[in-house]
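**Student:** Got a structure for you, input.cif, holding mmCIF, C-alpha atoms.
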data_input
loop_
_atom_site.group_PDB
_atom_site.id
_atom_site.type_symbol
_atom_site.label_atom_id
_atom_site.label_comp_id
_atom_site.auth_asym_id
_atom_site.auth_seq_id
_atom_site.Cartn_x
_atom_site.Cartn_y
_atom_site.Cartn_z
ATOM 1 C CA MET A 1 -13.419 31.990 -6.623
ATOM 2 C CA ARG A 2 -13.258 29.160 -9.103
ATOM 3 C CA TYR A 3 -9.967 27.429 -9.807
ATOM 4 C CA THR A 4 -8.770 24.720 -12.110
ATOM 5 C CA VAL A 5 -6.516 22.571 -9.987
ATOM 6 C CA GLU A 6 -3.845 20.139 -11.037
ATOM 7 C CA VAL A 7 -2.258 17.837 -8.488
ATOM 8 C CA ARG A 8 0.780 15.803 -9.410
ATOM 9 C CA VAL A 9 1.607 12.806 -7.217
ATOM 10 C CA MET A 10 4.987 11.104 -7.618
ATOM 11 C CA PRO A 11 6.662 8.179 -5.864
ATOM 12 C CA ARG A 12 9.426 9.310 -3.513
ATOM 13 C CA PRO A 13 12.828 9.458 -5.249
ATOM 14 C CA ALA A 14 14.321 6.978 -2.786
ATOM 15 C CA LEU A 15 11.641 4.397 -3.549
ATOM 16 C CA LEU A 16 12.083 1.762 -6.256
ATOM 17 C CA ASP A 17 9.626 2.552 -9.059
ATOM 18 C CA PRO A 18 9.234 -0.652 -11.105
ATOM 19 C CA GLN A 19 6.669 0.983 -13.409
ATOM 20 C CA GLY A 20 9.183 3.684 -14.292
ATOM 21 C CA GLN A 21 11.821 1.033 -14.961
ATOM 22 C CA ALA A 22 9.474 -0.944 -17.215
ATOM 23 C CA VAL A 23 8.641 2.184 -19.228
ATOM 24 C CA GLU A 24 12.330 3.046 -19.463
ATOM 25 C CA HIS A 25 13.104 -0.414 -20.871
ATOM 26 C CA ALA A 26 10.241 -0.091 -23.348
ATOM 27 C CA LEU A 27 11.477 3.303 -24.548
ATOM 28 C CA ASP A 28 14.921 1.838 -24.942
ATOM 29 C CA ALA A 29 13.515 -1.106 -26.923
ATOM 30 C CA LEU A 30 11.721 1.351 -29.248
ATOM 31 C CA GLY A 31 15.021 2.993 -29.993
ATOM 32 C CA PHE A 32 14.619 6.150 -27.913
ATOM 33 C CA ALA A 33 18.152 6.229 -26.628
ATOM 34 C CA GLY A 34 19.287 8.383 -23.749
ATOM 35 C CA THR A 35 16.231 8.219 -21.476
ATOM 36 C CA ALA A 36 17.046 7.741 -17.808
ATOM 37 C CA LYS A 37 15.346 7.887 -14.405
ATOM 38 C CA VAL A 38 11.820 7.403 -15.782
ATOM 39 C CA ARG A 39 9.266 7.602 -12.987
ATOM 40 C CA VAL A 40 5.546 7.054 -13.171
ATOM 41 C CA GLY A 41 3.173 8.990 -10.961
ATOM 42 C CA ARG A 42 -0.356 10.241 -11.469
ATOM 43 C CA ALA A 43 -2.036 13.537 -12.141
ATOM 44 C CA LEU A 44 -5.454 14.631 -10.961
ATOM 45 C CA THR A 45 -7.324 17.623 -12.315
ATOM 46 C CA PHE A 46 -10.472 19.140 -10.918
ATOM 47 C CA GLU A 47 -12.378 22.353 -10.501
ATOM 48 C CA LEU A 48 -12.654 23.970 -7.111
ATOM 49 C CA ASP A 49 -15.244 26.543 -6.101
ATOM 50 C CA ILE A 50 -14.158 28.125 -2.850
ATOM 51 C CA THR A 51 -14.866 31.264 -0.866
ATOM 52 C CA GLY A 52 -11.661 32.996 0.109
ATOM 53 C CA ASP A 53 -8.417 33.891 -1.587
ATOM 54 C CA ARG A 54 -5.786 31.835 -3.339
ATOM 55 C CA THR A 55 -4.067 30.978 -0.050
ATOM 56 C CA ALA A 56 -7.286 29.430 1.222
ATOM 57 C CA ALA A 57 -7.650 27.415 -1.977
ATOM 58 C CA GLU A 58 -4.064 26.186 -1.764
ATOM 59 C CA ARG A 59 -4.530 25.240 1.874
ATOM 60 C CA SER A 60 -7.634 23.256 1.018
ATOM 61 C CA VAL A 61 -5.937 21.347 -1.834
ATOM 62 C CA ARG A 62 -2.921 20.671 0.376
ATOM 63 C CA GLN A 63 -5.246 19.079 2.950
ATOM 64 C CA MET A 64 -6.851 16.959 0.207
ATOM 65 C CA CYS A 65 -3.395 15.704 -0.735
ATOM 66 C CA GLU A 66 -2.345 14.985 2.822
ATOM 67 C CA ARG A 67 -5.568 13.152 3.699
ATOM 68 C CA LEU A 68 -6.389 11.285 0.496
ATOM 69 C CA LEU A 69 -4.703 12.079 -2.800
ATOM 70 C CA ALA A 70 -1.132 11.152 -1.809
ATOM 71 C CA ASN A 71 0.266 8.588 0.603
ATOM 72 C CA PRO A 72 2.550 10.487 3.004
ATOM 73 C CA VAL A 73 4.781 7.410 3.422
ATOM 74 C CA THR A 74 5.573 6.832 -0.240
ATOM 75 C CA GLU A 75 4.572 9.835 -2.333
ATOM 76 C CA ASP A 76 5.277 13.547 -2.828
ATOM 77 C CA PHE A 77 2.825 15.962 -4.399
ATOM 78 C CA THR A 78 2.836 19.324 -6.158
ATOM 79 C CA ILE A 79 -0.155 21.585 -6.609
ATOM 80 C CA SER A 80 -0.907 24.120 -9.311
ATOM 81 C CA LEU A 81 -3.955 26.386 -9.391
ATOM 82 C CA GLU A 82 -5.297 28.471 -12.198
ATOM 83 C CA GLU A 83 -8.031 31.049 -11.655
ATOM 84 C CA THR A 84 -10.963 30.396 -13.962
ATOM 85 C CA GLY A 85 -13.370 33.078 -12.753
ATOM 86 C CA MET B 1 -15.974 -14.767 21.434
ATOM 87 C CA ARG B 2 -17.543 -12.667 18.660
ATOM 88 C CA VAL B 3 -15.373 -11.770 15.673
ATOM 89 C CA ALA B 4 -16.502 -9.172 13.131
ATOM 90 C CA VAL B 5 -15.447 -9.818 9.521
ATOM 91 C CA VAL B 6 -15.768 -6.444 7.810
ATOM 92 C CA ARG B 7 -17.267 -6.415 4.314
ATOM 93 C CA PHE B 8 -16.558 -3.665 1.794
ATOM 94 C CA PRO B 9 -17.816 -3.446 -1.763
ATOM 95 C CA GLY B 10 -15.033 -5.494 -3.372
ATOM 96 C CA SER B 11 -14.129 -7.742 -0.433
ATOM 97 C CA ASN B 12 -13.653 -11.296 -1.714
ATOM 98 C CA CYS B 13 -12.024 -13.252 1.116
ATOM 99 C CA ASP B 14 -14.801 -12.498 3.592
ATOM 100 C CA ALA B 15 -16.470 -15.916 3.386
ATOM 101 C CA ASP B 16 -13.178 -17.840 3.678
ATOM 102 C CA THR B 17 -12.225 -15.734 6.684
ATOM 103 C CA TRP B 18 -15.648 -16.203 8.280
ATOM 104 C CA ARG B 19 -15.290 -19.956 7.837
ATOM 105 C CA ALA B 20 -11.744 -20.016 9.269
ATOM 106 C CA VAL B 21 -12.877 -18.074 12.351
ATOM 107 C CA ARG B 22 -15.800 -20.472 12.843
ATOM 108 C CA GLY B 23 -13.412 -23.364 12.386
ATOM 109 C CA ALA B 24 -11.346 -22.041 15.287
ATOM 110 C CA GLY B 25 -14.446 -22.126 17.491
ATOM 111 C CA ALA B 26 -15.335 -18.424 17.592
ATOM 112 C CA ASP B 27 -18.592 -16.800 16.568
ATOM 113 C CA ALA B 28 -17.843 -14.998 13.286
ATOM 114 C CA PHE B 29 -20.274 -12.492 11.822
ATOM 115 C CA TYR B 30 -20.226 -10.150 8.850
ATOM 116 C CA LEU B 31 -20.147 -6.417 9.449
ATOM 117 C CA TRP B 32 -20.983 -4.052 6.573
ATOM 118 C CA HIS B 33 -18.471 -1.217 6.156
ATOM 119 C CA ARG B 34 -21.186 1.444 6.573
ATOM 120 C CA SER B 35 -21.725 0.343 10.178
ATOM 121 C CA ARG B 36 -20.847 2.989 12.751
ATOM 122 C CA ASP B 37 -20.267 0.472 15.533
ATOM 123 C CA LEU B 38 -18.769 -2.980 15.859
ATOM 124 C CA ALA B 39 -21.969 -4.722 17.030
ATOM 125 C CA GLY B 40 -20.290 -5.925 20.218
ATOM 126 C CA ALA B 41 -17.344 -7.625 18.517
ATOM 127 C CA ASP B 42 -14.449 -8.868 20.680
ATOM 128 C CA ALA B 43 -12.123 -8.776 17.676
ATOM 129 C CA VAL B 44 -12.213 -7.365 14.146
ATOM 130 C CA ILE B 45 -10.812 -8.824 10.932
ATOM 131 C CA ILE B 46 -10.577 -6.834 7.700
ATOM 132 C CA PRO B 47 -10.381 -9.517 5.002
ATOM 133 C CA GLY B 48 -8.752 -9.557 1.593
ATOM 134 C CA GLY B 49 -10.189 -8.344 -1.662
ATOM 135 C CA PHE B 50 -10.264 -5.103 -3.591
ATOM 136 C CA ALA B 51 -12.283 -2.675 -1.475
ATOM 137 C CA TYR B 52 -13.502 0.142 -3.710
ATOM 138 C CA GLY B 53 -11.624 -1.473 -6.594
ATOM 139 C CA ASP B 54 -8.281 -0.269 -5.149
ATOM 140 C CA TYR B 55 -9.043 3.087 -6.801
ATOM 141 C CA LEU B 56 -6.389 5.760 -6.204
ATOM 142 C CA ARG B 57 -4.311 3.394 -4.021
ATOM 143 C CA ALA B 58 -5.212 0.072 -2.408
ATOM 144 C CA GLY B 59 -7.103 0.871 0.804
ATOM 145 C CA ALA B 60 -7.062 4.641 0.247
ATOM 146 C CA ILE B 61 -10.824 5.081 -0.031
ATOM 147 C CA ALA B 62 -11.882 2.173 2.185
ATOM 148 C CA ARG B 63 -10.152 3.806 5.145
ATOM 149 C CA PHE B 64 -12.792 6.550 5.141
ATOM 150 C CA SER B 65 -15.679 4.094 5.547
ATOM 151 C CA PRO B 66 -17.648 4.732 8.760
ATOM 152 C CA VAL B 67 -16.645 1.383 10.268
ATOM 153 C CA LEU B 68 -12.994 2.458 10.317
ATOM 154 C CA THR B 69 -13.784 5.184 12.867
ATOM 155 C CA ALA B 70 -15.167 2.477 15.146
ATOM 156 C CA VAL B 71 -12.197 0.212 14.411
ATOM 157 C CA GLN B 72 -9.790 3.050 15.281
ATOM 158 C CA ALA B 73 -11.487 3.621 18.643
ATOM 159 C CA PHE B 74 -11.560 -0.149 19.327
ATOM 160 C CA ALA B 75 -7.857 -0.468 18.455
ATOM 161 C CA ALA B 76 -6.963 2.509 20.656
ATOM 162 C CA GLU B 77 -8.513 0.643 23.601
ATOM 163 C CA GLY B 78 -6.370 -2.401 22.866
ATOM 164 C CA GLY B 79 -8.963 -4.403 20.930
ATOM 165 C CA PRO B 80 -7.492 -7.054 18.615
ATOM 166 C CA VAL B 81 -7.623 -6.094 14.924
ATOM 167 C CA LEU B 82 -6.278 -8.150 12.012
ATOM 168 C CA GLY B 83 -5.929 -6.984 8.414
ATOM 169 C CA ILE B 84 -5.284 -9.655 5.783
ATOM 170 C CA CYS B 85 -3.929 -8.598 2.375
ATOM 171 C CA ASN B 86 -6.262 -5.769 1.325
ATOM 172 C CA GLY B 87 -7.131 -5.433 5.030
ATOM 173 C CA PHE B 88 -3.424 -4.849 5.755
ATOM 174 C CA GLN B 89 -3.393 -2.140 3.060
ATOM 175 C CA VAL B 90 -6.476 -0.516 4.621
ATOM 176 C CA LEU B 91 -4.907 -0.529 8.114
ATOM 177 C CA CYS B 92 -1.714 1.093 6.775
ATOM 178 C CA GLU B 93 -3.701 3.739 4.902
ATOM 179 C CA ALA B 94 -5.714 4.398 8.067
ATOM 180 C CA GLY B 95 -2.509 4.936 10.032
ATOM 181 C CA LEU B 96 -3.277 2.013 12.357
ATOM 182 C CA LEU B 97 -0.110 0.280 11.163
ATOM 183 C CA PRO B 98 3.211 1.841 10.137
ATOM 184 C CA GLY B 99 4.455 1.827 6.544
ATOM 185 C CA ALA B 100 2.741 1.285 3.210
ATOM 186 C CA LEU B 101 2.175 -1.390 0.557
ATOM 187 C CA VAL B 102 3.155 -0.472 -2.986
ATOM 188 C CA PRO B 103 3.149 -2.368 -6.317
ATOM 189 C CA ASN B 104 5.241 -5.566 -6.327
ATOM 190 C CA ALA B 105 8.847 -5.012 -7.436
ATOM 191 C CA ASN B 106 8.359 -7.267 -10.484
ATOM 192 C CA LEU B 107 4.953 -5.660 -11.266
ATOM 193 C CA ALA B 108 3.334 -9.108 -11.457
ATOM 194 C CA PHE B 109 0.193 -10.092 -9.616
ATOM 195 C CA LEU B 110 1.506 -12.899 -7.429
ATOM 196 C CA SER B 111 -0.797 -15.781 -6.565
ATOM 197 C CA ARG B 112 1.123 -18.710 -5.112
ATOM 198 C CA PRO B 113 2.224 -20.306 -1.857
ATOM 199 C CA VAL B 114 5.166 -18.817 0.043
ATOM 200 C CA ASP B 115 7.021 -19.769 3.207
ATOM 201 C CA VAL B 116 6.887 -17.307 6.073
ATOM 202 C CA ARG B 117 8.494 -17.284 9.497
ATOM 203 C CA VAL B 118 6.610 -16.240 12.610
ATOM 204 C CA GLU B 119 8.879 -13.519 14.021
ATOM 205 C CA SER B 120 6.686 -12.716 17.005
ATOM 206 C CA VAL B 121 4.198 -14.812 18.933
ATOM 207 C CA VAL B 122 3.356 -11.871 21.201
ATOM 208 C CA THR B 123 0.218 -10.874 19.276
ATOM 209 C CA PRO B 124 -3.433 -11.948 19.510
ATOM 210 C CA PHE B 125 -3.080 -13.576 16.068
ATOM 211 C CA THR B 126 0.166 -15.530 16.420
ATOM 212 C CA ALA B 127 0.171 -16.669 20.065
ATOM 213 C CA ALA B 128 -0.637 -20.273 19.102
ATOM 214 C CA PHE B 129 2.468 -20.640 16.908
ATOM 215 C CA ALA B 130 5.827 -21.890 18.136
ATOM 216 C CA PRO B 131 8.325 -18.996 18.135
ATOM 217 C CA GLY B 132 10.191 -18.946 14.810
ATOM 218 C CA ALA B 133 7.801 -21.432 13.185
ATOM 219 C CA ILE B 134 7.884 -21.506 9.389
ATOM 220 C CA PHE B 135 4.679 -22.271 7.522
ATOM 221 C CA ARG B 136 3.437 -22.322 3.943
ATOM 222 C CA VAL B 137 0.609 -19.975 3.074
ATOM 223 C CA PRO B 138 -0.710 -18.449 -0.169
ATOM 224 C CA ILE B 139 -0.198 -14.858 -1.246
ATOM 225 C CA ALA B 140 -2.436 -13.186 -3.849
ATOM 226 C CA HIS B 141 -1.603 -9.545 -4.442
ATOM 227 C CA GLY B 142 -0.373 -6.935 -6.888
ATOM 228 C CA GLN B 143 0.523 -4.361 -4.241
ATOM 229 C CA GLY B 144 2.267 -6.201 -1.447
ATOM 230 C CA ARG B 145 5.721 -4.639 -1.340
ATOM 231 C CA TYR B 146 6.069 -3.409 2.219
ATOM 232 C CA VAL B 147 7.937 -0.111 2.499
ATOM 233 C CA ALA B 148 8.617 2.221 5.409
ATOM 234 C CA PRO B 149 11.129 4.977 6.172
ATOM 235 C CA PRO B 150 14.485 3.694 7.559
ATOM 236 C CA GLU B 151 13.762 4.965 11.072
ATOM 237 C CA VAL B 152 10.428 3.120 11.108
ATOM 238 C CA LEU B 153 12.082 -0.106 9.924
ATOM 239 C CA ASP B 154 14.696 0.280 12.664
ATOM 240 C CA GLN B 155 11.959 0.712 15.230
ATOM 241 C CA LEU B 156 9.987 -2.295 13.952
ATOM 242 C CA GLU B 157 13.072 -4.492 14.202
ATOM 243 C CA ALA B 158 14.231 -3.114 17.563
ATOM 244 C CA GLU B 159 10.804 -3.425 19.172
ATOM 245 C CA GLY B 160 10.040 -6.832 17.692
ATOM 246 C CA GLN B 161 7.078 -5.523 15.699
ATOM 247 C CA VAL B 162 7.776 -7.635 12.620
ATOM 248 C CA VAL B 163 5.200 -10.437 12.803
ATOM 249 C CA LEU B 164 5.866 -12.448 9.625
ATOM 250 C CA ARG B 165 8.841 -12.518 7.272
ATOM 251 C CA TYR B 166 9.257 -14.242 3.912
ATOM 252 C CA VAL B 167 11.951 -16.908 4.042
ATOM 253 C CA ASP B 168 14.253 -17.919 1.165
ATOM 254 C CA ASP B 169 12.262 -15.994 -1.416
ATOM 255 C CA ASN B 170 11.091 -12.381 -1.068
ATOM 256 C CA PRO B 171 8.294 -12.511 -3.654
ATOM 257 C CA ASN B 172 7.376 -8.828 -3.925
ATOM 258 C CA GLY B 173 10.551 -6.986 -2.912
ATOM 259 C CA SER B 174 9.327 -6.008 0.564
ATOM 260 C CA MET B 175 11.833 -4.124 2.700
ATOM 261 C CA HIS B 176 13.438 -6.502 5.227
ATOM 262 C CA ALA B 177 11.329 -9.255 3.554
ATOM 263 C CA ILE B 178 8.448 -8.170 5.789
ATOM 264 C CA ALA B 179 5.179 -10.063 5.264
ATOM 265 C CA GLY B 180 3.388 -8.836 8.392
ATOM 266 C CA VAL B 181 3.736 -6.180 11.092
ATOM 267 C CA MET B 182 2.028 -5.047 14.277
ATOM 268 C CA ASN B 183 1.440 -1.652 15.878
ATOM 269 C CA ASP B 184 3.358 -0.600 18.988
ATOM 270 C CA GLY B 185 0.369 -1.551 21.158
ATOM 271 C CA ARG B 186 0.810 -5.134 19.826
ATOM 272 C CA ASN B 187 -2.953 -5.489 19.260
ATOM 273 C CA VAL B 188 -3.208 -4.498 15.580
ATOM 274 C CA VAL B 189 -1.652 -6.894 13.074
ATOM 275 C CA GLY B 190 -1.461 -6.799 9.286
ATOM 276 C CA MET B 191 -0.240 -9.533 6.942
ATOM 277 C CA MET B 192 -0.121 -9.972 3.157
ATOM 278 C CA PRO B 193 -0.412 -13.800 3.143
ATOM 279 C CA HIS B 194 -3.858 -15.397 3.410
ATOM 280 C CA PRO B 195 -4.016 -17.683 6.474
ATOM 281 C CA GLU B 196 -7.720 -18.316 5.777
ATOM 282 C CA ARG B 197 -6.655 -20.047 2.551
ATOM 283 C CA ALA B 198 -4.388 -22.400 4.480
ATOM 284 C CA ALA B 199 -6.766 -23.335 7.256
ATOM 285 C CA SER B 200 -8.127 -26.765 6.436
ATOM 286 C CA THR B 201 -6.886 -30.062 5.017
ATOM 287 C CA ILE B 202 -9.018 -29.690 1.882
ATOM 288 C CA LEU B 203 -6.983 -26.554 1.050
ATOM 289 C CA GLY B 204 -3.696 -28.445 1.274
ATOM 290 C CA GLU B 205 -2.197 -26.427 4.125
ATOM 291 C CA THR B 206 -3.507 -26.088 7.662
ATOM 292 C CA ALA B 207 -1.051 -23.928 9.630
ATOM 293 C CA GLY B 208 -3.005 -20.760 8.793
ATOM 294 C CA ALA B 209 -5.710 -22.005 11.158
ATOM 295 C CA LEU B 210 -3.346 -21.142 14.032
ATOM 296 C CA VAL B 211 -3.854 -17.426 13.287
ATOM 297 C CA PHE B 212 -7.522 -17.794 14.181
ATOM 298 C CA ALA B 213 -6.848 -20.319 16.945
ATOM 299 C CA SER B 214 -4.539 -17.728 18.541
ATOM 300 C CA LEU B 215 -7.470 -15.374 18.964
ATOM 301 C CA VAL B 216 -9.641 -18.036 20.611
ATOM 302 C CA GLN B 217 -6.779 -19.204 22.837
ATOM 303 C CA ARG B 218 -6.179 -15.621 23.970
ATOM 304 C CA ASP B 219 -9.878 -15.245 24.760
ATOM 305 C CA GLN B 220 -9.783 -18.407 26.869
ATOM 306 C CA VAL B 221 -6.793 -17.068 28.792
ATOM 307 C CA LEU B 222 -8.577 -13.740 29.363
ATOM 308 C CA GLN B 223 -11.677 -15.614 30.537
ATOM 309 C CA GLY B 224 -9.561 -17.636 32.984
ATOM 310 C CA GLY B 225 -10.216 -20.798 31.009
ATOM 311 C CA THR B 226 -13.900 -20.788 31.844
ATOM 312 C CA ARG B 227 -15.080 -20.968 28.242
#
In structure tokens, how does this file's structure come out?
**Tutor:**
Amino acid sequence: MRYTVEVRVMPRPALLDPQGQAVEHALDALGFAGTAKVRVGRALTFELDITGDRTAAERSVRQMCERLLANPVTEDFTISLEETG
Amino acid sequence: MRVAVVRFPGSNCDADTWRAVRGAGADAFYLWHRSRDLAGADAVIIPGGFAYGDYLRAGAIARFSPVLTAVQAFAAEGGPVLGICNGFQVLCEAGLLPGALVPNANLAFLSRPVDVRVESVVTPFTAAFAPGAIFRVPIAHGQGRYVAPPEVLDQLEAEGQVVLRYVDDNPNGSMHAIAGVMNDGRNVVGMMPHPERAASTILGETAGALVFASLVQRDQVLQGGTR
């Protein structure tokens, strides 16, 4: 199966996110009132060709996150998969 | 005593570190990160820089270089390993040291001298310091804020695994003002400050030389003072 994968990696809620704070201040300065708790993470997208079902694909992406894409000490991740053929 | 200074694409403190090790009287040599063994090294230093351009996260890709497998085995046997700045980030990413280093709290790249206190002299890289000594040493990093879960911080404090702590001024917002830590085996040490940049009179500060002298002193003790 071929999947389009999107992985979202975010700093842990308990961790100070100075980038999020800087963006929040900038939004405020631009006049966008009412924004709060801005946090900056990163998104990765890729295609995955894998033999096996969706569970196997999810397992594989989860391992990618645990080993490389996210830091288990400071970051959480979410995975979404879309079948592309 | 042979000390390997590991070189990655993007290392930039390798030559200073090599020189500081030589200055302490040990035989420093460069070791390319693709090496699968440590070429008989008695100690390993991962120097500062921007291995793999810090892509993804500082140290995240460097930790999968072949040499890290050898470093992990060496560390597991009690071999002395030091990570300086980017080397500290690599050792955390590799799981050889607890915690992580994230972007500085003020988001600035900090390049200036700081004062740090030696919190433990029971490591191969701080044995030559007086307990509690404070010395001035440069930092140069964008991602030097040390963070760890509360239970890990408690353990580090309880077991005396904090090696260096910023005094007066916590430049990057590190938890517990931590500038350097060790593993529970007390043989792997990581620090954000650059002792190799404070290791000779021409650099203005000299106390950093004691980090490298510690290693040589330890070797002399192990050799029964015969070298």
**Student:** Please report as a tab-separated table every residue of chain B lying within 9 Å of chain A, along with the nearest atom pair and their distance in Å (one decimal), using all atoms listed in the file.
**Tutor:**
residue	atom	partner	partner_atom	distance
B:Leu56	CA	A:Leu69	CA	7.4
B:Arg57	CA	A:Asn71	CA	8.3
B:Ala60	CA	A:Leu68	CA	6.7
B:Ile61	CA	A:Leu68	CA	7.6
B:Glu93	CA	A:Asn71	CA	7.6
B:Pro98	CA	A:Val73	CA	8.9
B:Gly99	CA	A:Val73	CA	6.4
B:Ala100	CA	A:Val73	CA	6.5
B:Leu101	CA	A:Thr74	CA	8.9
B:Val102	CA	A:Thr74	CA	8.2
B:Pro103	CA	A:Pro18	CA	7.9
B:Asn104	CA	A:Pro18	CA	7.9
B:Ala105	CA	A:Pro18	CA	5.7
B:Asn106	CA	A:Pro18	CA	6.7
B:Leu107	CA	A:Pro18	CA	6.6
B:Val147	CA	A:Thr74	CA	7.8
B:Ala148	CA	A:Val73	CA	6.8
B:Pro149	CA	A:Val73	CA	7.3
**Student:** Do you know which residues the PyMOL selection byres ((chain B and resi 95) around 12) returns on this file, as a VMD selection string?
**Tutor:** (chain A and resid 67 71 to 73) or (chain B and resid 59 to 60 63 to 64 68 to 69 71 to 72 75 to 76 88 to 94 96 to 100 182 to 183 188 190)
**Student:** Residues near stretch 120-122 of chain B, anyone? I mean within 6 Å using only C-alpha atoms, not counting same-chain ones fewer than 4 positions away, as a list in words.
**Tutor:**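 Result of the neighbour search: Thr126, Ala127, Pro131 and Val163 of chain B.
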**Student:** Let me see the file: selected residues, C-alpha atoms, as a PDB file, in the coordinates of the input.
**Tutor:**
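Writing done, so here's out_35.pdb:
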ATOM      1  CA  THR B 126       0.166 -15.530  16.420  1.00  0.00           C
ATOM      2  CA  ALA B 127       0.171 -16.669  20.065  1.00  0.00           C
ATOM      3  CA  PRO B 131       8.325 -18.996  18.135  1.00  0.00           C
ATOM      4  CA  VAL B 163       5.200 -10.437  12.803  1.00  0.00           C
TER       5      VAL B 163
END
**Student:** Can you pull out the residues contacting A:Thr55? Cut-off 12 Å, using all atoms listed in the file, and skip same-chain residues under 3 positions away; I want them as number ranges by chain.
**Tutor:** A: 1, 3, 50-52, 58-62, 80-81
**Student:** What does the distance from atom CA of A:Ala57 to atom CA of A:Leu44 come to in Å, to one decimal?
**Tutor:**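 Computing the Euclidean distance for atom CA of A:Ala57 and atom CA of A:Leu44 yields 15.8 Å.
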**Student:** Using all atoms listed in the file, which of the listed residues (A:Val7, A:Arg2, A:Ala26, A:Ala36) sits closest to A:Ile79?
**Tutor:** A:Val7
**Student:** What's around A:Thr45 at 8 Å? Count all atoms listed in the file, leave out sequence neighbours fewer than 5 positions away in its own chain, and write the answer as a VMD selection string.
**Tutor:** chain A and resid 4 to 7
**Student:** Dump C-alpha atoms for the selected residues as a JSON list (two decimals), keeping the file's coordinate frame?
**Tutor:**
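After the write, again-v4.json holds the following:
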[["chain", "number", "residue", "atom", "x", "y", "z"],
["A", 4, "THR", "CA", -8.77, 24.72, -12.11],
["A", 5, "VAL", "CA", -6.52, 22.57, -9.99],
["A", 6, "GLU", "CA", -3.84, 20.14, -11.04],
["A", 7, "VAL", "CA", -2.26, 17.84, -8.49]]
**Student:** Quick check, in Å to one decimal: how far apart do atom CA of B:Ile45 and atom CA of B:Arg186 lie?
**Tutor:**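 Atom CA of B:Ile45 sits 15.1 Å away from atom CA of B:Arg186.
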**Student:** Apply the PyMOL selection byres ((chain B and resi 32) around 6) to the displayed file and report the matching residues as a PyMOL selection string.
**Tutor:** chain B and resi 6-7+31+33-35
**Student:** When you count only C-alpha atoms, which of these residues is closest to A:Asp53: A:Glu83, A:Met10, A:Arg39, A:Ala33?
**Tutor:** A:Glu83
**Student:** Do you know which residues are at most 7 Å from B:His141 counting all atoms listed in the file, after dropping those on the same chain fewer than 3 positions away, and could you put them as a PyMOL selection string?
**Tutor:** chain B and resi 109-111+144
**Student:** Near B:Gly10, counting all atoms listed in the file, which residues have an atom at most 10 Å away, once you skip same-chain residues fewer than 3 positions from it, shown as a VMD selection string?
**Tutor:** chain B and resid 7 13 to 14 48 to 54 62 86
**Student:** Take stretch 13-24 of chain B from the block and save it with N, CA and C atoms, as a PDB file, in the first residue's frame.
**Tutor:**
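Everything below was put into out23.pdb:
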ATOM      1  N   CYS B  13      34.683  22.790  16.617  1.00  0.00           N
ATOM      2  CA  CYS B  13      35.547  23.006  17.772  1.00  0.00           C
ATOM      3  C   CYS B  13      36.549  21.862  17.898  1.00  0.00           C
ATOM      4  N   ASP B  14      36.643  21.063  16.823  1.00  0.00           N
ATOM      5  CA  ASP B  14      37.497  19.879  16.860  1.00  0.00           C
ATOM      6  C   ASP B  14      38.972  20.244  17.041  1.00  0.00           C
ATOM      7  N   ALA B  15      39.427  21.270  16.305  1.00  0.00           N
ATOM      8  CA  ALA B  15      40.852  21.617  16.379  1.00  0.00           C
ATOM      9  C   ALA B  15      41.206  22.224  17.740  1.00  0.00           C
ATOM     10  N   ASP B  16      40.313  23.067  18.272  1.00  0.00           N
ATOM     11  CA  ASP B  16      40.564  23.654  19.602  1.00  0.00           C
ATOM     12  C   ASP B  16      40.625  22.562  20.660  1.00  0.00           C
ATOM     13  N   THR B  17      39.725  21.580  20.526  1.00  0.00           N
ATOM     14  CA  THR B  17      39.667  20.499  21.505  1.00  0.00           C
ATOM     15  C   THR B  17      40.919  19.638  21.412  1.00  0.00           C
ATOM     16  N   TRP B  18      41.311  19.336  20.168  1.00  0.00           N
ATOM     17  CA  TRP B  18      42.529  18.554  19.918  1.00  0.00           C
ATOM     18  C   TRP B  18      43.719  19.219  20.599  1.00  0.00           C
ATOM     19  N   ARG B  19      43.800  20.556  20.397  1.00  0.00           N
ATOM     20  CA  ARG B  19      44.918  21.317  20.951  1.00  0.00           C
ATOM     21  C   ARG B  19      44.894  21.310  22.485  1.00  0.00           C
ATOM     22  N   ALA B  20      43.685  21.437  23.062  1.00  0.00           N
ATOM     23  CA  ALA B  20      43.565  21.460  24.526  1.00  0.00           C
ATOM     24  C   ALA B  20      43.957  20.114  25.129  1.00  0.00           C
ATOM     25  N   VAL B  21      43.599  19.023  24.427  1.00  0.00           N
ATOM     26  CA  VAL B  21      43.971  17.687  24.909  1.00  0.00           C
ATOM     27  C   VAL B  21      45.492  17.528  24.846  1.00  0.00           C
ATOM     28  N   ARG B  22      46.082  17.943  23.723  1.00  0.00           N
ATOM     29  CA  ARG B  22      47.542  17.892  23.591  1.00  0.00           C
ATOM     30  C   ARG B  22      48.219  18.724  24.674  1.00  0.00           C
ATOM     31  N   GLY B  23      47.617  19.872  24.943  1.00  0.00           N
ATOM     32  CA  GLY B  23      48.171  20.777  25.948  1.00  0.00           C
ATOM     33  C   GLY B  23      48.201  20.143  27.335  1.00  0.00           C
ATOM     34  N   ALA B  24      47.255  19.221  27.562  1.00  0.00           N
ATOM     35  CA  ALA B  24      47.195  18.538  28.857  1.00  0.00           C
ATOM     36  C   ALA B  24      48.173  17.364  28.909  1.00  0.00           C
TER      37      ALA B  24
END
